[in-house]
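The structure under discussion appears below in the form of structure tokens.
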Amino acid sequence: MLVSLQERLEEVDCRVINTHANPDSLNQIKEIIDLIFIFADEELLKLSQGLTYLKDKAVEEDVPIFVTGDTQEIAEIMKIIPIHLIQKEFPRPVNVNEVSEAIDSYLKAFGKQNKKKILVVDDSGAMLRNVKGWLEDKYQVILANSGAMAIKYLSTNRPDLVLLDYEMPIVDGKQVLEMIRSETEFADIPVMFLISKGDKESVMQVMSLKPDGYLLKTMPPEEIKQSVHAFFERKKALRS
């Protein structure tokens, strides 16, 4: 199946790197990766370090993950790789043409190109998937489901904008913003809060922290897209 899939993808000008899911093999890959395809089997499920590596790769470089396997194998993978990082699942038995067409369509629609990079931080997997779906046609969208994961990403990467959930357990949005502003290297990264309450008191409390703005989670998707686009337009105007 893998050989057939590779041949089919190469027919549509996709370059395929076939490797084992162990950290040593994965570390040898120096090329820019646009998509990860995981073929689950009994051997792969034993390589928890390799799956963790792929999870981190997906977060750090905004790389979508496609998975094929039986129902149990996919469930085991999701114990390590959260569902919001998995773009599509293909339960076995799979149709090679269906898989290759899905991968080809995704890359053509959402290839990285020179898109602005947005880090979205929220403890809700549903919210992360929604925001990614709304914005990924124009932007690279990296997802983090906790404040700690966001800080880890920011330690080695510099997004053009952070959309930060104000209310999160353990490390909340206020703490994440304070950590960002306390580090000289990325203190000037723009941060907009994602908030659930739009009353005057709640908004004033959020804005007292001096973020670059806020977005109400209940706003229509189109309005959120327009707000993000307007933010980048304002930044562009200030530079010109």
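The chains in the structure tokens are called A, B, ... from first to last as shown; in each chain the residues are counted from 1, and the ligands are counted from 1 in the order shown.
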- Query: Residues of segment 65-202 of chain A in alpha helix (DSSP H) according to DSSP, as a ChimeraX atom specification?
  - Reply: /A:71-77,96-110,125-135,147-154,173-182,200-202
- Any idea what the distance is between atom CA of Glu222 of chain A and atom CA of Met149 of chain A? 27.5 Å
- Task: Pick out the residues sitting within 7 Å of Pro159 of chain A, and hand them over as number ranges by chain; count only C-alpha atoms, and ignore anything fewer than 4 positions along from it in its own chain.
- Result: A: 117-119
Suppose we keep C-alpha atoms; can you now write the selection as a compact mmCIF listing (two decimals), in the first residue's frame?
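Output file result.txt is given in full below:
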```
# COMPACT_ATOMS: atom_id res chain seq x y z
CA LYS A 117 2.50 32.57 10.81
CA ILE A 118 -0.14 32.60 13.56
CA LEU A 119 0.17 30.68 16.83
```
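You will find atom CA of Ile33 of chain A at 7.1 Å from atom CA of Val63 of chain A.
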So that I can see what lies close to Phe39 of chain A, please list as a PDB file with all heavy atoms, in the first residue's frame the residues with an atom at most 9 Å from it, counting only C-alpha atoms and leaving out residues fewer than 3 positions away in the same chain.
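Listed below is the output, selection_29.pdb:
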```pdb
ATOM      1  N   LEU A   2       1.932   1.258   0.815  1.00  0.00           N
ATOM      2  CA  LEU A   2       2.810   2.423   0.891  1.00  0.00           C
ATOM      3  C   LEU A   2       3.522   2.679  -0.428  1.00  0.00           C
ATOM      4  O   LEU A   2       3.671   3.828  -0.852  1.00  0.00           O
ATOM      5  CB  LEU A   2       3.833   2.241   2.014  1.00  0.00           C
ATOM      6  CG  LEU A   2       3.328   2.493   3.437  1.00  0.00           C
ATOM      7  CD1 LEU A   2       4.419   2.181   4.442  1.00  0.00           C
ATOM      8  CD2 LEU A   2       2.853   3.926   3.592  1.00  0.00           C
ATOM      9  N   LEU A  44       5.020   0.248  14.776  1.00  0.00           N
ATOM     10  CA  LEU A  44       5.024   1.706  14.978  1.00  0.00           C
ATOM     11  C   LEU A  44       4.463   2.080  16.348  1.00  0.00           C
ATOM     12  O   LEU A  44       4.953   3.002  17.000  1.00  0.00           O
ATOM     13  CB  LEU A  44       4.223   2.389  13.874  1.00  0.00           C
ATOM     14  CG  LEU A  44       4.150   3.924  13.976  1.00  0.00           C
ATOM     15  CD1 LEU A  44       4.352   4.565  12.616  1.00  0.00           C
ATOM     16  CD2 LEU A  44       2.826   4.379  14.576  1.00  0.00           C
ATOM     17  N   PHE A  66      -1.731  13.115   8.639  1.00  0.00           N
ATOM     18  CA  PHE A  66      -2.721  12.187   8.118  1.00  0.00           C
ATOM     19  C   PHE A  66      -2.374  10.808   8.680  1.00  0.00           C
ATOM     20  O   PHE A  66      -1.206  10.456   8.776  1.00  0.00           O
ATOM     21  CB  PHE A  66      -2.697  12.147   6.585  1.00  0.00           C
ATOM     22  CG  PHE A  66      -3.253  13.381   5.925  1.00  0.00           C
ATOM     23  CD1 PHE A  66      -2.654  14.622   6.081  1.00  0.00           C
ATOM     24  CD2 PHE A  66      -4.380  13.307   5.125  1.00  0.00           C
ATOM     25  CE1 PHE A  66      -3.162  15.755   5.467  1.00  0.00           C
ATOM     26  CE2 PHE A  66      -4.899  14.425   4.499  1.00  0.00           C
ATOM     27  CZ  PHE A  66      -4.295  15.661   4.672  1.00  0.00           C
ATOM     28  N   VAL A  67      -3.384  10.042   9.054  1.00  0.00           N
ATOM     29  CA  VAL A  67      -3.158   8.744   9.692  1.00  0.00           C
ATOM     30  C   VAL A  67      -3.996   7.665   9.029  1.00  0.00           C
ATOM     31  O   VAL A  67      -5.173   7.886   8.708  1.00  0.00           O
ATOM     32  CB  VAL A  67      -3.532   8.784  11.191  1.00  0.00           C
ATOM     33  CG1 VAL A  67      -3.298   7.434  11.831  1.00  0.00           C
ATOM     34  CG2 VAL A  67      -2.734   9.846  11.920  1.00  0.00           C
ATOM     35  N   THR A  68      -3.388   6.489   8.819  1.00  0.00           N
ATOM     36  CA  THR A  68      -4.164   5.333   8.410  1.00  0.00           C
ATOM     37  C   THR A  68      -3.847   4.171   9.337  1.00  0.00           C
ATOM     38  O   THR A  68      -2.727   4.039   9.837  1.00  0.00           O
ATOM     39  CB  THR A  68      -3.884   4.935   6.946  1.00  0.00           C
ATOM     40  OG1 THR A  68      -4.796   3.897   6.574  1.00  0.00           O
ATOM     41  CG2 THR A  68      -2.468   4.432   6.761  1.00  0.00           C
ATOM     42  N   GLY A  69      -4.837   3.339   9.592  1.00  0.00           N
ATOM     43  CA  GLY A  69      -4.688   2.199  10.486  1.00  0.00           C
ATOM     44  C   GLY A  69      -6.066   1.668  10.822  1.00  0.00           C
ATOM     45  O   GLY A  69      -7.079   2.239  10.399  1.00  0.00           O
TER      46      GLY A  69
END
```
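Distances to Tyr139 of chain A were evaluated for A:Asp62, A:Glu101, A:Asp122, A:Glu11 using only C-alpha atoms, and the minimum falls at A:Asp62.
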At most 10 Å is the cut-off: for each residue in segment 111-186 of chain A with any atom that close to an atom of segment 205-221 of chain A, write down the nearest atom pair and the distance in Å rounded to one decimal, counting only C-alpha atoms, chain first then increasing number, as a tab-separated table.
```
residue	atom	partner	partner_atom	distance
A:Met127	CA	A:Lys217	CA	8.5
A:Asn130	CA	A:Pro221	CA	8.6
A:Val131	CA	A:Pro221	CA	8.1
A:Gly133	CA	A:Pro221	CA	9.5
A:Trp134	CA	A:Pro221	CA	6.4
A:Leu135	CA	A:Pro221	CA	9.1
A:Leu161	CA	A:Asp212	CA	9.4
A:Val162	CA	A:Asp212	CA	9.6
A:Leu163	CA	A:Tyr214	CA	8.4
A:Leu164	CA	A:Tyr214	CA	8.8
A:Asp165	CA	A:Lys217	CA	9.2
A:Tyr166	CA	A:Val206	CA	7.8
A:Gly173	CA	A:Val206	CA	9.7
A:Lys174	CA	A:Leu209	CA	7.6
A:Leu177	CA	A:Pro211	CA	8.0
A:Glu178	CA	A:Leu209	CA	8.8
A:Arg181	CA	A:Pro211	CA	10.0
```
Output for the residues just chosen: N, CA, C and O atoms as a PDB file, in the first residue's frame:
```pdb
ATOM      1  N   MET A 127     -12.030  24.497  19.608  1.00  0.00           N
ATOM      2  CA  MET A 127     -11.728  25.886  19.246  1.00  0.00           C
ATOM      3  C   MET A 127     -10.494  25.950  18.364  1.00  0.00           C
ATOM      4  O   MET A 127     -10.448  26.706  17.383  1.00  0.00           O
ATOM      5  N   ASN A 130     -11.410  24.869  14.888  1.00  0.00           N
ATOM      6  CA  ASN A 130     -12.244  25.875  14.232  1.00  0.00           C
ATOM      7  C   ASN A 130     -11.404  27.037  13.715  1.00  0.00           C
ATOM      8  O   ASN A 130     -11.537  27.448  12.555  1.00  0.00           O
ATOM      9  N   VAL A 131     -10.542  27.578  14.590  1.00  0.00           N
ATOM     10  CA  VAL A 131      -9.721  28.729  14.191  1.00  0.00           C
ATOM     11  C   VAL A 131      -8.795  28.345  13.039  1.00  0.00           C
ATOM     12  O   VAL A 131      -8.618  29.120  12.092  1.00  0.00           O
ATOM     13  N   GLY A 133      -9.336  26.088  10.783  1.00  0.00           N
ATOM     14  CA  GLY A 133     -10.163  25.992   9.583  1.00  0.00           C
ATOM     15  C   GLY A 133     -10.533  27.347   9.010  1.00  0.00           C
ATOM     16  O   GLY A 133     -10.607  27.528   7.794  1.00  0.00           O
ATOM     17  N   TRP A 134     -10.754  28.333   9.885  1.00  0.00           N
ATOM     18  CA  TRP A 134     -11.135  29.671   9.426  1.00  0.00           C
ATOM     19  C   TRP A 134      -9.974  30.428   8.791  1.00  0.00           C
ATOM     20  O   TRP A 134     -10.176  31.236   7.885  1.00  0.00           O
ATOM     21  N   LEU A 135      -8.754  30.181   9.277  1.00  0.00           N
ATOM     22  CA  LEU A 135      -7.625  31.037   8.896  1.00  0.00           C
ATOM     23  C   LEU A 135      -6.606  30.390   7.951  1.00  0.00           C
ATOM     24  O   LEU A 135      -5.800  31.094   7.344  1.00  0.00           O
ATOM     25  N   LEU A 161       1.916  36.528  14.817  1.00  0.00           N
ATOM     26  CA  LEU A 161       0.801  36.896  15.702  1.00  0.00           C
ATOM     27  C   LEU A 161       0.487  35.700  16.597  1.00  0.00           C
ATOM     28  O   LEU A 161       0.560  34.553  16.154  1.00  0.00           O
ATOM     29  N   VAL A 162       0.129  35.993  17.849  1.00  0.00           N
ATOM     30  CA  VAL A 162      -0.346  34.960  18.770  1.00  0.00           C
ATOM     31  C   VAL A 162      -1.799  35.261  19.122  1.00  0.00           C
ATOM     32  O   VAL A 162      -2.120  36.367  19.562  1.00  0.00           O
ATOM     33  N   LEU A 163      -2.673  34.297  18.898  1.00  0.00           N
ATOM     34  CA  LEU A 163      -4.057  34.388  19.354  1.00  0.00           C
ATOM     35  C   LEU A 163      -4.139  33.546  20.626  1.00  0.00           C
ATOM     36  O   LEU A 163      -4.008  32.313  20.569  1.00  0.00           O
ATOM     37  N   LEU A 164      -4.345  34.188  21.753  1.00  0.00           N
ATOM     38  CA  LEU A 164      -4.139  33.563  23.059  1.00  0.00           C
ATOM     39  C   LEU A 164      -5.417  33.519  23.887  1.00  0.00           C
ATOM     40  O   LEU A 164      -6.002  34.555  24.203  1.00  0.00           O
ATOM     41  N   ASP A 165      -5.836  32.311  24.236  1.00  0.00           N
ATOM     42  CA  ASP A 165      -6.996  32.140  25.108  1.00  0.00           C
ATOM     43  C   ASP A 165      -6.722  32.790  26.461  1.00  0.00           C
ATOM     44  O   ASP A 165      -5.705  32.506  27.103  1.00  0.00           O
ATOM     45  N   TYR A 166      -7.619  33.647  26.889  1.00  0.00           N
ATOM     46  CA  TYR A 166      -7.411  34.360  28.154  1.00  0.00           C
ATOM     47  C   TYR A 166      -7.595  33.435  29.354  1.00  0.00           C
ATOM     48  O   TYR A 166      -6.881  33.546  30.346  1.00  0.00           O
ATOM     49  N   GLY A 173      -3.845  32.731  30.133  1.00  0.00           N
ATOM     50  CA  GLY A 173      -3.405  33.686  29.117  1.00  0.00           C
ATOM     51  C   GLY A 173      -2.612  34.841  29.686  1.00  0.00           C
ATOM     52  O   GLY A 173      -1.639  35.302  29.081  1.00  0.00           O
ATOM     53  N   LYS A 174      -3.004  35.322  30.849  1.00  0.00           N
ATOM     54  CA  LYS A 174      -2.282  36.430  31.484  1.00  0.00           C
ATOM     55  C   LYS A 174      -0.832  36.034  31.761  1.00  0.00           C
ATOM     56  O   LYS A 174       0.100  36.800  31.486  1.00  0.00           O
ATOM     57  N   LEU A 177       1.175  35.808  28.477  1.00  0.00           N
ATOM     58  CA  LEU A 177       1.524  37.143  27.983  1.00  0.00           C
ATOM     59  C   LEU A 177       2.667  37.737  28.796  1.00  0.00           C
ATOM     60  O   LEU A 177       3.595  38.336  28.238  1.00  0.00           O
ATOM     61  N   GLU A 178       2.620  37.569  30.107  1.00  0.00           N
ATOM     62  CA  GLU A 178       3.691  38.095  30.960  1.00  0.00           C
ATOM     63  C   GLU A 178       5.035  37.455  30.608  1.00  0.00           C
ATOM     64  O   GLU A 178       6.070  38.130  30.581  1.00  0.00           O
ATOM     65  N   ARG A 181       6.260  38.935  27.266  1.00  0.00           N
ATOM     66  CA  ARG A 181       6.739  40.304  27.402  1.00  0.00           C
ATOM     67  C   ARG A 181       8.030  40.396  28.228  1.00  0.00           C
ATOM     68  O   ARG A 181       8.777  41.371  28.118  1.00  0.00           O
TER      69      ARG A 181
END
```
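In terms of minimum interatomic distance to Gly147 of chain A, A:Gln175 ranks closest within A:Gln72, A:Asn95, A:Gln175, A:Ser196, counting only C-alpha atoms.
The spacing separating atom CA of Pro91 of chain A from atom CA of Ile103 of chain A amounts to 15.2 Å.
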- Task: Go through segment 53-170 of chain A and collect every residue that DSSP, computed from the backbone, puts in strand (DSSP E or B); the answer should be as JSON, numbers by chain.
- Result: {"A": [65, 66, 67, 68, 69, 86, 87, 88, 89, 90, 91, 116, 117, 118, 119, 120, 121, 139, 140, 141, 142, 143, 144, 161, 162, 163, 164, 165]}
- Task: Pick out the residues sitting within 12 Å of Lys88 of chain A, and hand them over as a list in words; count only C-alpha atoms, and ignore anything fewer than 3 positions along from it in its own chain.
- Result: Leu35, Ile36, Phe37, Ile38, Pro64, Ile65, Phe66, Val67, Thr68, Gly69, Ile74, Ile83, His84, Leu85, Pro91, Glu98, Val99, Ala102, Ile103, Tyr106 and Arg129 of chain A
Could those selected residues go to a file with C-alpha atoms, as a short mmCIF file (atom, residue, chain, number, x, y, z; two decimals), in the first residue's frame?
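So the final result, stored in out-v8.cif, reads:
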```
data_model
loop_
_atom_site.label_atom_id
_atom_site.label_comp_id
_atom_site.auth_asym_id
_atom_site.auth_seq_id
_atom_site.Cartn_x
_atom_site.Cartn_y
_atom_site.Cartn_z
CA LEU A 35 2.78 16.99 5.61
CA ILE A 36 3.21 13.89 7.80
CA PHE A 37 1.53 10.61 6.85
CA ILE A 38 1.52 7.95 9.57
CA PRO A 64 -0.69 18.52 9.23
CA ILE A 65 -0.83 14.82 10.10
CA PHE A 66 -2.72 12.19 8.12
CA VAL A 67 -3.16 8.74 9.69
CA THR A 68 -4.16 5.33 8.41
CA GLY A 69 -4.69 2.20 10.49
CA ILE A 74 -5.65 5.11 15.35
CA ILE A 83 -6.83 14.94 17.65
CA HIS A 84 -6.54 18.64 16.81
CA LEU A 85 -3.18 17.93 15.12
CA PRO A 91 -9.47 3.66 8.63
CA GLU A 98 -8.64 8.45 -2.16
CA VAL A 99 -5.66 9.02 0.14
CA ALA A 102 -6.84 14.03 -0.22
CA ILE A 103 -3.14 14.75 0.33
CA TYR A 106 -4.69 19.66 0.91
CA ARG A 129 -9.67 23.17 14.96
#
```
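Proximity of A:Lys116, A:Ala58, A:Ser4, A:Leu143 to Glu233 of chain A, computed with only C-alpha atoms, is greatest for A:Lys116.
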